[in-house]
$ cat my_file_30.cif   # mmCIF, C-alpha atoms
data_my_file
#
loop_
_atom_site.label_atom_id
_atom_site.label_comp_id
_atom_site.auth_asym_id
_atom_site.auth_seq_id
_atom_site.Cartn_x
_atom_site.Cartn_y
_atom_site.Cartn_z
CA MET O 1 -58.68 2.03 10.82
CA ILE O 2 -59.47 -1.10 8.82
CA PHE O 3 -62.05 -3.40 10.40
CA GLY O 4 -62.22 -7.12 9.72
CA GLY O 5 -58.55 -7.50 8.81
CA ASN O 6 -56.95 -5.51 11.59
CA THR O 7 -53.50 -6.80 12.55
CA ASP O 8 -54.05 -5.55 16.14
CA PHE O 9 -55.99 -8.78 16.73
CA ALA O 10 -54.82 -12.39 16.78
CA VAL O 11 -58.32 -13.82 16.36
CA PRO O 12 -58.77 -17.03 14.34
CA ALA O 13 -61.22 -17.10 11.45
CA GLY O 14 -64.70 -18.03 12.58
CA TYR O 15 -64.46 -16.53 16.07
CA LEU O 16 -67.97 -15.16 16.64
CA ASN O 17 -68.23 -15.53 20.39
CA THR O 18 -67.69 -11.92 21.50
CA PRO O 19 -71.06 -11.87 23.34
CA SER O 20 -69.41 -14.45 25.65
CA ILE O 21 -65.74 -13.41 25.63
CA GLY O 22 -64.23 -10.51 23.72
CA ILE O 23 -60.69 -10.77 22.33
CA PRO O 24 -58.23 -7.95 23.15
CA PRO O 25 -56.20 -6.01 20.60
CA ALA O 26 -52.43 -6.19 20.93
CA PRO O 27 -52.01 -3.05 23.10
CA VAL O 28 -54.41 -4.42 25.70
CA ALA O 29 -52.89 -7.90 25.79
CA GLU O 30 -49.39 -6.45 25.97
CA ALA O 31 -50.31 -4.14 28.84
CA VAL O 32 -51.68 -7.06 30.85
CA GLU O 33 -48.66 -9.22 30.01
CA ALA O 34 -46.34 -6.45 31.17
CA ALA O 35 -48.32 -6.09 34.40
CA VAL O 36 -48.04 -9.83 35.04
CA GLY O 37 -44.29 -9.53 34.48
CA ARG O 38 -44.03 -6.74 37.05
CA TRP O 39 -46.14 -8.76 39.50
CA ARG O 40 -44.00 -11.86 38.93
CA THR O 41 -40.81 -9.95 39.70
CA GLY O 42 -42.09 -8.02 42.71
CA LYS O 43 -42.05 -4.61 41.05
CA ASN O 44 -45.49 -3.41 42.14
CA THR O 45 -47.00 -1.90 45.25
CA PRO O 46 -50.80 -1.63 45.69
CA SER O 47 -50.82 2.13 45.21
CA ASP O 48 -49.18 1.70 41.81
CA PHE O 49 -52.59 0.65 40.46
CA ASP O 50 -54.44 3.79 41.58
CA GLU O 51 -53.66 5.61 38.34
CA THR O 52 -54.74 2.59 36.29
CA VAL O 53 -58.09 2.36 38.09
CA ALA O 54 -58.60 6.09 37.59
CA ARG O 55 -57.97 5.66 33.85
CA SER O 56 -60.43 2.77 33.72
CA ARG O 57 -63.06 4.77 35.60
CA GLY O 58 -62.53 7.79 33.37
CA GLY O 59 -62.62 5.68 30.23
CA PHE O 60 -66.01 4.25 31.05
CA ALA O 61 -67.27 7.68 32.04
CA ARG O 62 -66.33 9.04 28.61
CA LEU O 63 -68.00 6.13 26.87
CA ALA O 64 -71.18 6.53 28.94
CA GLY O 65 -71.20 10.31 28.58
CA VAL O 66 -71.08 11.07 32.30
CA PRO O 67 -68.54 12.73 34.67
CA ALA O 68 -66.00 10.34 36.22
CA GLU O 69 -67.19 11.20 39.75
CA ARG O 70 -70.47 9.47 38.93
CA VAL O 71 -68.76 6.13 38.24
CA ALA O 72 -68.13 3.32 40.72
CA ILE O 73 -65.89 0.36 39.88
CA GLY O 74 -66.47 -3.28 40.66
CA ALA O 75 -65.96 -6.80 39.36
CA SER O 76 -69.36 -7.83 37.96
CA VAL O 77 -72.76 -6.50 36.98
CA SER O 78 -74.61 -8.34 39.73
CA GLN O 79 -72.33 -6.98 42.48
CA LEU O 80 -72.89 -3.42 41.36
CA THR O 81 -76.60 -3.87 40.68
CA ALA O 82 -76.99 -5.12 44.27
CA ASN O 83 -76.21 -1.57 45.41
CA VAL O 84 -79.34 -0.44 43.59
CA ALA O 85 -81.53 -3.32 44.74
CA ALA O 86 -80.57 -2.68 48.37
CA GLY O 87 -82.11 0.77 48.17
CA LEU O 88 -85.58 -0.62 47.48
CA ALA O 89 -88.31 -1.30 49.99
CA PRO O 90 -89.11 -5.03 50.46
CA ASP O 91 -92.49 -4.59 48.75
CA ALA O 92 -91.11 -2.63 45.79
CA ARG O 93 -92.21 -3.50 42.27
CA VAL O 94 -89.49 -3.86 39.64
CA LEU O 95 -90.17 -4.15 35.92
CA VAL O 96 -87.80 -6.17 33.73
CA ALA O 97 -87.80 -7.55 30.19
CA GLU O 98 -88.81 -11.14 29.55
CA ASN O 99 -85.80 -13.48 29.41
CA GLU O 100 -83.53 -10.74 30.73
CA PHE O 101 -80.02 -11.77 31.79
CA THR O 102 -80.22 -12.82 35.44
CA SER O 103 -77.33 -10.66 36.65
CA VAL O 104 -79.78 -7.82 36.01
CA THR O 105 -82.86 -9.48 37.54
CA PHE O 106 -81.66 -11.70 40.40
CA PRO O 107 -80.34 -8.88 42.62
CA PHE O 108 -83.86 -7.38 42.54
CA ALA O 109 -85.66 -10.71 42.85
CA GLN O 110 -83.85 -11.30 46.14
CA ARG O 111 -85.59 -8.28 47.62
CA ALA O 112 -88.52 -7.01 45.55
CA ASN O 113 -91.44 -8.15 43.43
CA VAL O 114 -90.24 -8.54 39.86
CA THR O 115 -92.59 -8.36 36.86
CA GLU O 116 -91.60 -9.34 33.32
CA ALA O 117 -92.90 -7.73 30.13
CA PRO O 118 -91.95 -8.16 26.45
CA LEU O 119 -88.99 -5.96 25.59
CA ALA O 120 -90.83 -4.29 22.72
CA LYS O 121 -93.68 -3.30 25.06
CA LEU O 122 -91.62 -2.50 28.16
CA ALA O 123 -92.38 1.24 28.07
CA GLN O 124 -96.11 0.49 28.12
CA HIS O 125 -95.80 -1.24 31.51
CA VAL O 126 -93.71 1.32 33.42
CA GLU O 127 -96.63 2.92 35.26
CA GLY O 128 -97.16 1.45 38.73
CA HIS O 129 -93.59 0.20 39.21
CA ASP O 130 -90.85 1.50 41.50
CA LEU O 131 -87.95 0.79 39.15
CA VAL O 132 -87.19 -0.54 35.67
CA ALA O 133 -84.09 -2.71 35.07
CA VAL O 134 -83.20 -3.73 31.52
CA SER O 135 -80.32 -4.37 29.12
CA LEU O 136 -79.66 -2.02 26.23
CA ALA O 137 -78.93 -5.07 24.05
CA GLN O 138 -80.36 -8.39 25.13
CA SER O 139 -77.84 -11.12 25.89
CA ALA O 140 -79.87 -13.95 24.39
CA ASP O 141 -80.46 -12.52 20.93
CA GLY O 142 -79.16 -8.95 20.68
CA ALA O 143 -82.60 -7.32 20.62
CA LEU O 144 -82.25 -3.58 21.26
CA LEU O 145 -84.12 -1.51 23.81
CA ASP O 146 -86.24 1.41 22.59
CA THR O 147 -84.49 3.91 24.85
CA ALA O 148 -86.52 6.91 23.70
CA ALA O 149 -89.81 5.21 24.54
CA LEU O 150 -88.54 4.01 27.91
CA ARG O 151 -87.16 7.42 28.80
CA ALA O 152 -90.43 9.14 27.96
CA ALA O 153 -92.49 6.63 29.93
CA SER O 154 -90.20 6.60 32.96
CA GLU O 155 -90.00 10.39 33.16
CA ALA O 156 -93.77 10.70 32.81
CA ALA O 157 -94.35 8.17 35.60
CA GLY O 158 -91.42 9.26 37.80
CA VAL O 159 -89.95 5.74 37.75
CA PRO O 160 -86.14 5.36 37.94
CA VAL O 161 -84.31 3.23 35.38
CA LEU O 162 -81.24 0.98 35.48
CA ILE O 163 -79.75 0.05 32.11
CA ASP O 164 -77.15 -2.70 31.63
CA VAL O 165 -74.99 -1.83 28.62
CA THR O 166 -72.69 -4.88 28.78
CA GLN O 167 -73.78 -6.27 25.39
CA ALA O 168 -73.79 -2.84 23.74
CA ALA O 169 -70.87 -0.78 25.06
CA GLY O 170 -67.99 -1.07 22.61
CA TRP O 171 -70.01 -1.27 19.41
CA LEU O 172 -73.11 0.87 19.99
CA PRO O 173 -72.79 4.60 20.73
CA LEU O 174 -74.33 5.06 24.18
CA GLU O 175 -77.10 7.62 24.60
CA VAL O 176 -78.27 6.61 28.07
CA ALA O 177 -76.71 9.26 30.33
CA TRP O 178 -80.28 10.16 31.34
CA ALA O 179 -80.71 6.82 33.13
CA ASP O 180 -80.52 6.72 36.92
CA TRP O 181 -77.98 3.91 36.80
CA ILE O 182 -75.82 2.52 34.00
CA VAL O 183 -74.03 -0.76 34.68
CA CYS O 184 -71.52 -2.59 32.51
CA ALA O 185 -69.01 -5.46 32.53
CA GLY O 186 -65.90 -5.08 30.40
CA TYR O 187 -64.95 -8.57 29.27
CA LYS O 188 -67.14 -8.79 26.18
CA TRP O 189 -67.25 -5.94 23.65
CA LEU O 190 -64.85 -3.72 25.60
CA PHE O 191 -61.79 -5.97 25.11
CA SER O 192 -61.04 -6.12 28.84
CA PRO O 193 -60.17 -9.04 31.12
CA ARG O 194 -62.98 -10.45 33.23
CA GLY O 195 -63.09 -8.81 36.64
CA CYS O 196 -63.83 -5.17 35.83
CA ALA O 197 -67.25 -3.54 35.81
CA TRP O 198 -68.67 -0.05 36.31
CA LEU O 199 -71.79 1.58 37.73
CA ALA O 200 -72.68 5.15 36.74
CA VAL O 201 -74.97 6.75 39.34
CA HIS O 202 -76.99 9.82 38.41
CA PRO O 203 -76.99 12.48 41.18
CA ARG O 204 -80.76 12.12 41.61
CA ALA O 205 -80.25 8.39 42.33
CA ARG O 206 -77.41 8.81 44.83
CA GLU O 207 -79.64 8.60 47.91
CA ARG O 208 -81.46 5.56 46.50
CA THR O 209 -78.21 3.59 46.23
CA ARG O 210 -76.64 1.60 49.10
CA ALA O 211 -73.01 0.61 49.56
CA VAL O 212 -73.76 -3.04 50.32
CA ALA O 213 -70.09 -4.05 50.17
CA ALA O 214 -68.58 -0.98 51.84
CA ASN O 215 -64.81 -1.39 51.99
CA TRP O 216 -61.57 0.51 52.33
CA TYR O 217 -61.39 1.38 48.63
CA ALA O 218 -64.74 3.19 48.86
CA GLY O 219 -63.30 5.68 51.33
CA ASP O 220 -62.99 9.35 50.48
CA ASP O 221 -59.22 8.84 50.67
CA PRO O 222 -58.74 5.05 50.39
CA TRP O 223 -55.27 5.02 51.86
CA SER O 224 -56.47 6.77 55.04
CA SER O 225 -59.51 4.52 55.53
CA VAL O 226 -57.83 1.15 55.79
CA TYR O 227 -58.12 0.96 59.60
CA GLY O 228 -60.53 1.95 62.30
CA MET O 229 -63.79 3.78 62.60
CA PRO O 230 -65.83 5.81 61.86
CA LEU O 231 -67.40 4.95 58.52
CA ARG O 232 -66.03 7.47 56.02
CA LEU O 233 -67.15 6.74 52.48
CA ALA O 234 -66.52 8.95 49.48
CA GLY O 235 -69.08 11.66 48.84
CA ASN O 236 -69.62 10.64 45.22
CA ALA O 237 -70.16 7.34 43.36
CA ARG O 238 -66.82 6.05 44.62
CA ALA O 239 -68.73 5.19 47.81
CA PHE O 240 -69.97 2.14 45.89
CA ASP O 241 -66.51 1.01 44.73
CA LEU O 242 -65.35 -2.53 45.30
CA SER O 243 -61.68 -3.17 45.82
CA PRO O 244 -60.33 -3.38 42.25
CA VAL O 245 -59.16 -6.49 40.44
CA TRP O 246 -55.87 -4.88 39.48
CA LEU O 247 -54.88 -6.78 36.35
CA SER O 248 -58.38 -6.44 34.92
CA HIS O 249 -58.27 -2.68 35.26
CA VAL O 250 -54.83 -2.60 33.65
CA GLY O 251 -56.44 -4.14 30.57
CA ALA O 252 -59.54 -1.95 30.79
CA ALA O 253 -57.54 1.27 31.03
CA GLU O 254 -55.64 0.35 27.89
CA ALA O 255 -58.83 -0.78 26.14
CA PHE O 256 -60.56 2.54 26.76
CA ASP O 257 -57.56 4.33 25.30
CA TYR O 258 -57.93 2.09 22.25
CA PHE O 259 -61.63 2.91 21.95
CA ALA O 260 -60.84 6.61 22.15
CA SER O 261 -59.24 6.27 18.69
CA LEU O 262 -62.39 4.73 17.18
CA ASP O 263 -65.54 6.19 15.70
CA LEU O 264 -68.25 4.16 17.43
CA ALA O 265 -70.76 5.02 14.73
CA ALA O 266 -68.41 3.38 12.23
CA VAL O 267 -67.94 0.42 14.57
CA ARG O 268 -71.69 -0.04 14.76
CA GLU O 269 -72.00 0.23 10.99
CA HIS O 270 -69.35 -2.48 10.59
CA ASN O 271 -70.60 -4.84 13.30
CA ALA O 272 -74.33 -4.49 12.75
CA GLY O 273 -73.82 -4.45 8.98
CA LEU O 274 -72.21 -7.90 9.11
CA ALA O 275 -74.90 -9.18 11.45
CA ASP O 276 -77.71 -7.82 9.29
CA SER O 277 -76.18 -9.30 6.14
CA LEU O 278 -76.26 -12.67 7.90
CA ARG O 279 -79.84 -12.13 9.06
CA THR O 280 -80.98 -11.14 5.57
CA ALA O 281 -79.30 -14.13 3.92
CA ALA O 282 -80.82 -16.40 6.57
CA GLY O 283 -84.32 -15.04 5.92
CA LEU O 284 -84.51 -12.83 9.01
CA GLU O 285 -85.35 -9.14 9.24
CA PRO O 286 -82.37 -6.80 9.81
CA ARG O 287 -82.44 -4.99 13.15
CA GLY O 288 -79.22 -3.08 13.60
CA SER O 289 -77.68 -5.27 16.31
CA ALA O 290 -74.23 -6.90 16.33
CA ILE O 291 -75.71 -10.06 17.85
CA VAL O 292 -77.69 -12.73 16.00
CA ALA O 293 -79.48 -15.79 17.40
CA LEU O 294 -80.02 -18.62 14.91
CA GLU O 295 -82.02 -21.82 14.80
CA ALA O 296 -79.11 -24.12 14.03
CA ASP O 297 -77.39 -27.29 15.18
CA PRO O 298 -74.56 -26.21 17.53
CA ALA O 299 -72.50 -29.27 16.63
CA ARG O 300 -72.74 -28.50 12.92
CA ILE O 301 -71.75 -24.90 13.56
CA ALA O 302 -68.73 -26.03 15.57
CA GLU O 303 -67.73 -28.53 12.86
CA ALA O 304 -67.59 -25.61 10.42
CA GLY O 305 -64.89 -23.98 12.55
CA ILE O 306 -67.18 -21.38 14.07
CA VAL O 307 -66.80 -20.44 17.73
CA ALA O 308 -70.23 -19.37 18.97
CA GLY O 309 -72.41 -19.54 22.05
CA VAL O 310 -75.71 -21.29 22.68
CA ARG O 311 -78.41 -19.34 24.49
CA ASN O 312 -82.08 -20.27 24.94
CA GLY O 313 -81.62 -23.21 22.57
CA ARG O 314 -80.27 -21.08 19.71
CA VAL O 315 -76.79 -20.51 18.36
CA ARG O 316 -75.65 -17.00 19.25
CA VAL O 317 -73.03 -15.19 17.18
CA GLY O 318 -71.65 -11.68 17.47
CA PHE O 319 -69.61 -9.54 15.07
CA HIS O 320 -66.88 -7.17 16.24
CA LEU O 321 -63.92 -5.30 14.76
CA TYR O 322 -61.96 -8.48 14.04
CA ASN O 323 -64.75 -10.06 11.98
CA GLY O 324 -65.43 -9.65 8.27
CA PRO O 325 -67.63 -10.89 5.41
CA ASP O 326 -65.77 -14.20 5.35
CA ASP O 327 -67.18 -14.95 8.81
CA VAL O 328 -70.68 -14.32 7.52
CA GLU O 329 -70.06 -16.71 4.62
CA ARG O 330 -68.72 -19.32 7.00
CA VAL O 331 -71.96 -19.25 9.00
CA LEU O 332 -74.11 -19.30 5.87
CA ASP O 333 -72.16 -22.27 4.50
CA ALA O 334 -72.75 -24.10 7.79
CA LEU O 335 -76.46 -23.28 7.69
CA GLY O 336 -76.66 -24.39 4.08
CA ALA O 337 -74.95 -27.67 4.88
CA ALA O 338 -77.37 -28.20 7.73
CA SER O 339 -80.40 -27.65 5.50
CA GLY O 340 -79.04 -29.46 2.48
#

$ encode --input "my_file_30.cif" --output "structure tokens"
Amino acid sequence: MIFGGNTDFAVPAGYLNTPSIGIPPAPVAEAVEAAVGRWRTGKNTPSDFDETVARSRGGFARLAGVPAERVAIGASVSQLTANVAAGLAPDARVLVAENEFTSVTFPFAQRANVTEAPLAKLAQHVEGHDLVAVSLAQSADGALLDTAALRAASEAAGVPVLIDVTQAAGWLPLEVAWADWIVCAGYKWLFSPRGCAWLAVHPRARERTRAVAANWYAGDDPWSSVYGMPLRLAGNARAFDLSPVWLSHVGAAEAFDYFASLDLAAVREHNAGLADSLRTAAGLEPRGSAIVALEADPARIAEAGIVAGVRNGRVRVGFHLYNGPDDVERVLDALGAASG
């Protein structure tokens, strides 16, 4: 598969905003369009989407390297993370990275005592905490977690770990199946519509997790748990399911099929290679991430035809399959114009 000039994508030149909103390839967009057409003409029943949700669940499980029965589905990272936070005692101590995305931190801050530490030194601060919650790739600047160091420290101290892979899944091969919880939203690097997210729960963390939004879809057999008592939740991670956003999972199921045809190591080489070429040309050290945060004037960047985000006062760009060297040059030209 050719990256950077792939006709599966209808992305305009200069689109570097994947860390905010990913753009779907044609098969994903067409699947969602077809689903809207069926909805518009009354051709669906609710149970028609069961197979789609199962495909979405299984697709994330494959990507995360875990069995599908460990995966719960939801609509956002914060909703699913709340299931983990609810299992903590009110005086629990949670360790997070400085400037972590708040969908990771706020669910814990509502209930526990949250301590921040620099990402690069996170593993050094694990001892004495009840849980660590951190992103694999930081939203603000793409900085990557040292997973080996965190795993060693958490296992030595007996401290469970939640890892948010939202800004990594889709371009970075995931090697985090050891984590107690893995949470992810699909609308960025995974080419899916907003409204689908997943939580992988390790068996050792099952009893620490609470179904804070228990609902009919979390039943052992959803279609027999729509009325009446008693409480009868699934015996695996499906107990933490939220009722699915159907059209989002239509897109996600197709997107995971698309990813199954890709070599994620090659995707990382492409994406991070473009990002590092930009970093090098801009006088920054390469670091193997698809996301770059730049000291630049957002207005000047926009005038150059670049679609980017602004986070923590810096322009944030991200490179995915539909980007190429011309996008790097476009950014460098804008930076040169700003400094000239």

$ residues_near_point --input "my_file_30.cif" --point "(-67.2, -19.8, 14.8)" --cutoff "6 Å" --atoms "only C-alpha atoms" --output "PyMOL selection string"
chain O and resi 14-16+305-308

$ residues_around --input "my_file_30.cif" --residues "region 217-234 of chain O" --least-positions-apart "2" --cutoff "12 Å" --atoms "all atoms listed in the file" --output "PDB file with C-alpha atoms, in the coordinates of the input"
ATOM      1  CA  PRO O  46     -50.800  -1.630  45.690  1.00  0.00           C
ATOM      2  CA  SER O  47     -50.820   2.130  45.210  1.00  0.00           C
ATOM      3  CA  ASP O  50     -54.440   3.790  41.580  1.00  0.00           C
ATOM      4  CA  VAL O  53     -58.090   2.360  38.090  1.00  0.00           C
ATOM      5  CA  GLU O  69     -67.190  11.200  39.750  1.00  0.00           C
ATOM      6  CA  ARG O  70     -70.470   9.470  38.930  1.00  0.00           C
ATOM      7  CA  VAL O  71     -68.760   6.130  38.240  1.00  0.00           C
ATOM      8  CA  ALA O  72     -68.130   3.320  40.720  1.00  0.00           C
ATOM      9  CA  ILE O  73     -65.890   0.360  39.880  1.00  0.00           C
ATOM     10  CA  GLY O  74     -66.470  -3.280  40.660  1.00  0.00           C
ATOM     11  CA  ARG O 206     -77.410   8.810  44.830  1.00  0.00           C
ATOM     12  CA  ARG O 210     -76.640   1.600  49.100  1.00  0.00           C
ATOM     13  CA  ALA O 211     -73.010   0.610  49.560  1.00  0.00           C
ATOM     14  CA  VAL O 212     -73.760  -3.040  50.320  1.00  0.00           C
ATOM     15  CA  ALA O 213     -70.090  -4.050  50.170  1.00  0.00           C
ATOM     16  CA  ALA O 214     -68.580  -0.980  51.840  1.00  0.00           C
ATOM     17  CA  ASN O 215     -64.810  -1.390  51.990  1.00  0.00           C
ATOM     18  CA  ASN O 236     -69.620  10.640  45.220  1.00  0.00           C
ATOM     19  CA  ALA O 237     -70.160   7.340  43.360  1.00  0.00           C
ATOM     20  CA  ARG O 238     -66.820   6.050  44.620  1.00  0.00           C
ATOM     21  CA  ALA O 239     -68.730   5.190  47.810  1.00  0.00           C
ATOM     22  CA  PHE O 240     -69.970   2.140  45.890  1.00  0.00           C
ATOM     23  CA  ASP O 241     -66.510   1.010  44.730  1.00  0.00           C
ATOM     24  CA  LEU O 242     -65.350  -2.530  45.300  1.00  0.00           C
ATOM     25  CA  SER O 243     -61.680  -3.170  45.820  1.00  0.00           C
ATOM     26  CA  PRO O 244     -60.330  -3.380  42.250  1.00  0.00           C
ATOM     27  CA  VAL O 245     -59.160  -6.490  40.440  1.00  0.00           C
TER      28      VAL O 245
END

$ resolve_selection --input "my_file_30.cif" --expression "the PyMOL selection byres ((chain O and resi 335) around 12)" --output "PyMOL selection string"
chain O and resi 278-279+281-283+294-304+306+315+328-334+336-340

$ closest_residue --input "my_file_30.cif" --among "O:Ala140, O:Ala153, O:Leu274, O:Ala179" --to "Val310 (chain O)" --atoms "only C-alpha atoms"
O:Ala140

$ atom_distance --input "my_file_30.cif" --atom1 "CA of Asn83 (chain O)" --atom2 "CA of Val161 (chain O)"
13.8 Å

$ resolve_selection --input "my_file_30.cif" --expression "the PyMOL selection byres ((chain O and resi 167) around 7)" --output "list of chain:residue names"
O:Pro19, O:Ala137, O:Gln138, O:Ser139, O:Val165, O:Thr166, O:Ala168, O:Ala169, O:Trp189

$ closest_residue --input "my_file_30.cif" --among "O:Ser20, O:Thr52, O:Gln124, O:Ser261" --to "Asp146 (chain O)" --atoms "only C-alpha atoms"
O:Gln124

$ resolve_selection --input "my_file_30.cif" --expression "the PyMOL selection byres ((chain O and resi 126-136) around 7)" --output "list of chain:residue names"
O:Ala92, O:Arg93, O:Val94, O:Leu95, O:Val96, O:Ala97, O:Val104, O:Leu122, O:Ala123, O:Gln124, O:His125, O:Ala137, O:Gln138, O:Leu144, O:Leu145, O:Ala153, O:Ser154, O:Ala157, O:Val159, O:Pro160, O:Val161, O:Leu162, O:Ile163, O:Asp164, O:Val165, O:Ala168

$ residues_around --input "my_file_30.cif" --residues "Arg287 (chain O)" --least-positions-apart "6" --cutoff "10 Å" --atoms "all atoms listed in the file" --output "PyMOL selection string"
chain O and resi 142-144+272-273+275-276+279-280
